[in-house]
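S.K.: Following this line is upload_5.txt, made up of compact mmCIF, C-alpha atoms:
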# COMPACT_ATOMS: atom_id res chain seq x y z
CA MET A 1 -82.57 -180.91 -14.66
CA HIS A 2 -79.70 -179.63 -12.55
CA VAL A 3 -79.34 -175.86 -12.07
CA MET A 4 -75.84 -174.98 -10.88
CA ASP A 5 -75.84 -172.84 -7.75
CA HIS A 6 -72.09 -172.68 -7.19
CA PRO A 7 -71.09 -169.11 -6.27
CA LEU A 8 -68.23 -168.99 -8.79
CA ILE A 9 -70.52 -170.05 -11.63
CA GLN A 10 -73.13 -167.49 -10.68
CA HIS A 11 -70.51 -164.73 -10.33
CA LYS A 12 -69.05 -165.43 -13.77
CA ILE A 13 -72.49 -165.60 -15.40
CA GLY A 14 -73.11 -162.14 -13.97
CA ILE A 15 -70.02 -160.86 -15.78
CA ILE A 16 -70.92 -162.28 -19.21
CA ARG A 17 -74.44 -160.86 -18.99
CA ARG A 18 -73.03 -157.31 -18.95
CA VAL A 19 -73.23 -155.51 -22.27
CA GLU A 20 -69.79 -153.92 -21.70
CA THR A 21 -67.99 -157.31 -21.46
CA GLY A 22 -65.88 -157.57 -24.63
CA SER A 23 -65.25 -160.65 -26.75
CA LYS A 24 -61.86 -161.48 -25.22
CA ASP A 25 -63.20 -161.56 -21.67
CA PHE A 26 -66.46 -163.17 -22.79
CA ARG A 27 -64.59 -166.06 -24.45
CA GLN A 28 -62.36 -166.57 -21.43
CA ILE A 29 -65.22 -166.56 -18.94
CA ILE A 30 -67.41 -168.86 -21.05
CA SER A 31 -64.52 -171.33 -20.97
CA GLU A 32 -64.13 -170.93 -17.20
CA ILE A 33 -67.86 -171.48 -16.62
CA ALA A 34 -67.77 -174.60 -18.78
CA MET A 35 -64.87 -175.93 -16.71
CA LEU A 36 -66.70 -175.33 -13.43
CA MET A 37 -69.94 -176.82 -14.78
CA CYS A 38 -68.04 -179.85 -16.06
CA TYR A 39 -66.68 -180.39 -12.56
CA GLU A 40 -70.22 -180.41 -11.17
CA ALA A 41 -71.77 -182.42 -14.01
CA THR A 42 -69.23 -185.25 -13.70
CA ARG A 43 -69.75 -185.69 -9.97
CA ASP A 44 -71.51 -189.06 -10.46
CA LEU A 45 -68.92 -190.66 -12.76
CA LYS A 46 -67.86 -194.08 -11.53
CA VAL A 47 -64.36 -194.79 -10.25
CA ALA A 48 -62.44 -197.99 -9.59
CA ASP A 49 -59.57 -198.91 -7.27
CA VAL A 50 -56.20 -199.27 -8.99
CA GLU A 51 -52.89 -200.23 -7.42
CA VAL A 52 -49.94 -197.95 -8.26
CA GLU A 53 -46.36 -197.40 -7.16
CA THR A 54 -45.60 -194.06 -5.49
CA PRO A 55 -41.99 -192.92 -4.85
CA ILE A 56 -42.47 -194.33 -1.34
CA CYS A 57 -44.53 -197.52 -1.66
CA ARG A 58 -47.42 -199.25 -3.42
CA THR A 59 -50.90 -197.91 -2.72
CA THR A 60 -54.46 -198.00 -4.01
CA VAL A 61 -55.84 -194.96 -5.85
CA LYS A 62 -59.04 -194.11 -7.71
CA GLU A 63 -59.41 -193.75 -11.46
CA LEU A 64 -62.39 -193.30 -13.76
CA ARG A 65 -63.92 -196.51 -14.98
CA GLY A 66 -66.66 -197.53 -17.36
CA LYS A 67 -67.63 -195.61 -20.47
CA LYS A 68 -65.21 -193.10 -21.97
CA LEU A 69 -66.30 -189.50 -22.51
CA ALA A 70 -66.91 -187.30 -25.54
CA ILE A 71 -67.76 -183.61 -25.92
CA VAL A 72 -70.00 -182.55 -28.80
CA PRO A 73 -70.52 -178.79 -29.23
CA ILE A 74 -73.39 -177.49 -31.32
CA LEU A 75 -71.78 -175.11 -33.82
CA ARG A 76 -70.87 -172.43 -33.58
CA ALA A 77 -71.38 -171.08 -30.06
CA GLY A 78 -70.81 -174.48 -28.46
CA LEU A 79 -67.14 -174.25 -29.46
CA GLY A 80 -66.67 -171.69 -26.72
CA MET A 81 -67.26 -174.34 -24.05
CA VAL A 82 -64.94 -177.06 -25.40
CA ASP A 83 -61.56 -175.89 -24.09
CA GLY A 84 -62.87 -175.42 -20.56
CA MET A 85 -64.27 -178.93 -20.51
CA LEU A 86 -61.08 -180.39 -21.97
CA ASN A 87 -59.15 -178.77 -19.13
CA MET A 88 -61.13 -181.05 -16.79
CA ILE A 89 -61.33 -184.19 -18.97
CA PRO A 90 -58.38 -183.95 -21.40
CA ALA A 91 -58.78 -187.54 -22.60
CA ALA A 92 -62.28 -186.87 -23.95
CA LYS A 93 -62.81 -187.05 -27.71
CA VAL A 94 -64.51 -184.11 -29.46
CA GLY A 95 -67.19 -184.25 -32.14
CA HIS A 96 -69.10 -181.44 -33.85
CA ILE A 97 -72.71 -180.93 -34.92
CA GLY A 98 -73.72 -178.07 -37.22
CA LEU A 99 -77.36 -177.01 -37.61
CA TYR A 100 -79.14 -174.06 -39.20
CA ARG A 101 -82.78 -173.03 -39.09
CA ASP A 102 -84.72 -173.38 -42.35
CA PRO A 103 -86.21 -169.90 -43.01
CA GLU A 104 -89.49 -171.37 -44.28
CA THR A 105 -90.15 -174.29 -41.94
CA LEU A 106 -88.13 -172.80 -39.02
CA LYS A 107 -86.94 -176.36 -38.30
CA PRO A 108 -83.25 -177.22 -37.67
CA VAL A 109 -81.39 -178.63 -40.67
CA GLU A 110 -78.10 -180.54 -40.35
CA TYR A 111 -75.17 -179.18 -42.34
CA TYR A 112 -72.30 -180.90 -40.53
CA CYS A 113 -71.82 -183.87 -38.24
CA LYS A 114 -68.49 -185.44 -37.34
CA LEU A 115 -68.30 -187.74 -34.31
CA PRO A 116 -65.66 -190.03 -32.81
CA GLU A 117 -65.95 -193.50 -34.36
CA ASP A 118 -66.72 -195.10 -31.00
CA SER A 119 -69.32 -192.52 -29.92
CA SER A 120 -71.88 -195.22 -29.27
CA GLU A 121 -69.58 -196.55 -26.53
CA ARG A 122 -69.01 -193.16 -24.91
CA GLU A 123 -70.88 -190.93 -22.53
CA VAL A 124 -71.49 -187.82 -24.62
CA PHE A 125 -71.79 -184.25 -23.34
CA VAL A 126 -73.66 -182.05 -25.82
CA VAL A 127 -72.76 -178.41 -25.14
CA ASP A 128 -74.26 -175.08 -26.22
CA PRO A 129 -74.11 -171.86 -24.17
CA MET A 130 -77.79 -171.04 -24.76
CA LEU A 131 -80.95 -173.16 -24.64
CA ALA A 132 -83.62 -170.85 -26.07
CA THR A 133 -86.45 -172.51 -28.01
CA GLY A 134 -84.69 -175.86 -27.69
CA GLY A 135 -85.09 -176.75 -31.37
CA SER A 136 -81.39 -177.11 -32.19
CA SER A 137 -80.57 -179.00 -29.01
CA VAL A 138 -83.45 -181.42 -29.46
CA ALA A 139 -82.42 -182.03 -33.08
CA ALA A 140 -78.73 -182.52 -32.18
CA ILE A 141 -79.55 -185.06 -29.50
CA GLN A 142 -81.89 -186.89 -31.87
CA MET A 143 -79.06 -187.09 -34.42
CA LEU A 144 -76.80 -188.64 -31.78
CA LYS A 145 -79.42 -191.20 -30.82
CA GLU A 146 -79.90 -192.16 -34.47
CA LYS A 147 -76.15 -192.79 -34.67
CA GLY A 148 -76.32 -195.19 -31.74
CA VAL A 149 -75.32 -192.95 -28.83
CA LYS A 150 -77.12 -194.13 -25.70
CA ARG A 151 -75.68 -192.04 -22.84
CA ILE A 152 -76.15 -188.33 -23.41
CA ARG A 153 -75.96 -185.29 -21.14
CA PHE A 154 -76.76 -181.75 -22.19
CA MET A 155 -74.97 -178.74 -20.74
CA CYS A 156 -75.82 -175.06 -21.28
CA ILE A 157 -74.94 -171.87 -19.45
CA ILE A 158 -78.29 -170.08 -19.74
CA ALA A 159 -81.69 -171.63 -20.47
CA ALA A 160 -85.24 -170.42 -21.05
CA PRO A 161 -88.21 -172.33 -19.57
CA GLU A 162 -89.53 -172.93 -23.11
CA GLY A 163 -86.35 -174.74 -24.12
CA ILE A 164 -86.26 -176.80 -20.94
CA ALA A 165 -89.88 -177.86 -21.51
CA LEU A 166 -89.19 -178.99 -25.08
CA MET A 167 -86.06 -180.88 -24.03
CA LYS A 168 -87.89 -182.70 -21.25
CA GLN A 169 -90.74 -183.58 -23.59
CA SER A 170 -88.48 -184.74 -26.44
CA HIS A 171 -85.65 -186.40 -24.51
CA PRO A 172 -86.75 -187.23 -20.97
CA ASP A 173 -83.80 -189.63 -20.64
CA VAL A 174 -81.18 -186.85 -21.05
CA ASP A 175 -79.79 -185.13 -17.95
CA ILE A 176 -79.74 -181.34 -18.37
CA TYR A 177 -77.16 -179.15 -16.61
CA VAL A 178 -77.92 -175.42 -16.54
CA GLY A 179 -75.89 -172.50 -15.22
CA ALA A 180 -78.92 -170.19 -14.89
CA LEU A 181 -82.62 -170.61 -15.66
CA ASP A 182 -83.92 -167.30 -17.00
CA GLU A 183 -87.43 -165.84 -17.21
CA ARG A 184 -88.67 -166.37 -20.77
CA LEU A 185 -88.13 -165.83 -24.49
CA ASN A 186 -88.99 -162.51 -26.11
CA GLU A 187 -90.82 -162.08 -29.43
CA HIS A 188 -87.53 -162.51 -31.33
CA GLY A 189 -86.65 -165.78 -29.61
CA TYR A 190 -83.93 -164.29 -27.38
CA ILE A 191 -83.65 -165.34 -23.74
CA VAL A 192 -84.69 -162.67 -21.21
CA PRO A 193 -82.65 -161.32 -19.46
CA GLY A 194 -80.07 -163.54 -21.19
CA LEU A 195 -76.84 -162.16 -22.63
CA GLY A 196 -77.60 -161.58 -26.31
CA ASP A 197 -76.25 -163.80 -29.08
CA ALA A 198 -73.57 -166.01 -27.53
CA GLY A 199 -71.94 -166.83 -30.87
CA ASP A 200 -71.60 -163.18 -31.84
CA ARG A 201 -70.17 -162.29 -28.46
CA ILE A 202 -67.69 -165.20 -28.44
CA PHE A 203 -66.38 -164.56 -31.95
CA GLY A 204 -66.83 -160.77 -32.15
CA THR A 205 -69.31 -160.89 -35.04
CA LYS A 206 -72.61 -159.14 -35.60
Could you write out this structure as structure tokens?

M.R.:
Amino acid sequence: MHVMDHPLIQHKIGIIRRVETGSKDFRQIISEIAMLMCYEATRDLKVADVEVETPICRTTVKELRGKKLAIVPILRAGLGMVDGMLNMIPAAKVGHIGLYRDPETLKPVEYYCKLPEDSSEREVFVVDPMLATGGSSVAAIQMLKEKGVKRIRFMCIIAAPEGIALMKQSHPDVDIYVGALDERLNEHGYIVPGLGDAGDRIFGTK
């Protein structure tokens, strides 16, 4: 697990925690945090030397090599992180996973899954602003694995220790990137101190 300690990330997380931050600013800052986290989370991507022609002469430059990238938000709140990540890696493909919690079993149920055809050949970033109980994230990653995806990273802005524990237990092979690790979950399953319901705050719903 990697907890981001960059001052800009921490500053922006402080803004979105505030109850008075409206949906417009919340959306914008979520996107900015995702962009900054993407920068940090891609630090270990491999590069190769390539010869190019500049206006002056030929030279050797670096470019990404190896597996291509994909971004897979968990609907609906994960959508808020996509644009920021695409600003950093515009060639990435985007998939979507939709889950809801069964009211009787409390287990995640898939209602939508659309992935790039070559997802099994890509390094996939699963994104969701909040990692609370971890149930949806664990289920989404399991769905990807069942579809042949082998290289998966998970990125969230705020996480609870309970969610981190379940992720590590269920998918120890997945690197986890976290903006802030909070104290705990409350009796309603919300992260404390957290920021409330990320989806409602991104889209202005209640």

S.K.: One number please: CA of Ile141 in chain A to CA of Ala180 in chain A, in Å, one decimal.

M.R.: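 Separation of CA of Ile141 in chain A and CA of Ala180 in chain A: 20.9 Å.
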
S.K.: Could you check how far CA of Phe154 in chain A sits from CA of Glu20 in chain A, in Å to one decimal?

M.R.: 28.7 Å

S.K.: Near Lys62 in chain A, counting all atoms listed in the file, which residues have an atom at most 12 Å away, once you skip same-chain residues fewer than 5 positions from it, shown as JSON, numbers by chain?

M.R.: {"A": [45, 46, 47, 48, 49, 50, 51, 52]}

S.K.: Between A:Leu131, A:Ile97, A:Ile152, A:Cys38, which is the closest to Met85 in chain A once you count all atoms listed in the file?

M.R.: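 Nearest candidate to Met85 in chain A out of A:Leu131, A:Ile97, A:Ile152, A:Cys38: A:Cys38.
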
S.K.: So, with all atoms listed in the file as the atoms that count, which of A:Val192, A:Ile71, A:Ile202, A:Ile56 lies closest to Phe125 in chain A?

M.R.: A:Ile71

S.K.: Near Arg43 in chain A, within 12 Å and counting all atoms listed in the file, which residues show up once chain neighbours fewer than 3 positions away are dropped, as number ranges by chain?

M.R.: A: 2, 36-40, 46-47, 64, 88, 177

S.K.: List every protein, DNA or RNA residue that has an atom no more than 12 Å from (-81.3, -187.1, -20.1) in the file's coordinate frame, counting only C-alpha atoms, and report them as a PyMOL selection string.

M.R.: chain A and resi 1-2+123-126+138+141-142+145+150-155+164+167-177

S.K.: May I have the residues within 12 Å of Ile157 in chain A as JSON, numbers by chain, using only C-alpha atoms and disregarding those fewer than 3 positions away in the same chain?

M.R.: {"A": [2, 3, 4, 5, 9, 10, 12, 13, 14, 16, 17, 29, 30, 31, 32, 33, 34, 35, 36, 37, 38, 77, 78, 80, 81, 127, 128, 129, 130, 131, 132, 154, 160, 176, 177, 178, 179, 180, 181, 182, 191, 194, 195, 198]}

S.K.: Report, in Å with one decimal, the straight-line distance from CA of Asp25 in chain A to CA of Leu75 in chain A.

M.R.: 20.1 Å

S.K.: Pick out the closest residue to Ser23 in chain A from this set: A:Gly204, A:Val72, A:Tyr190, A:Gly135. Count only C-alpha atoms.

M.R.: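 Under the stated criterion, the closest residue is A:Gly204.
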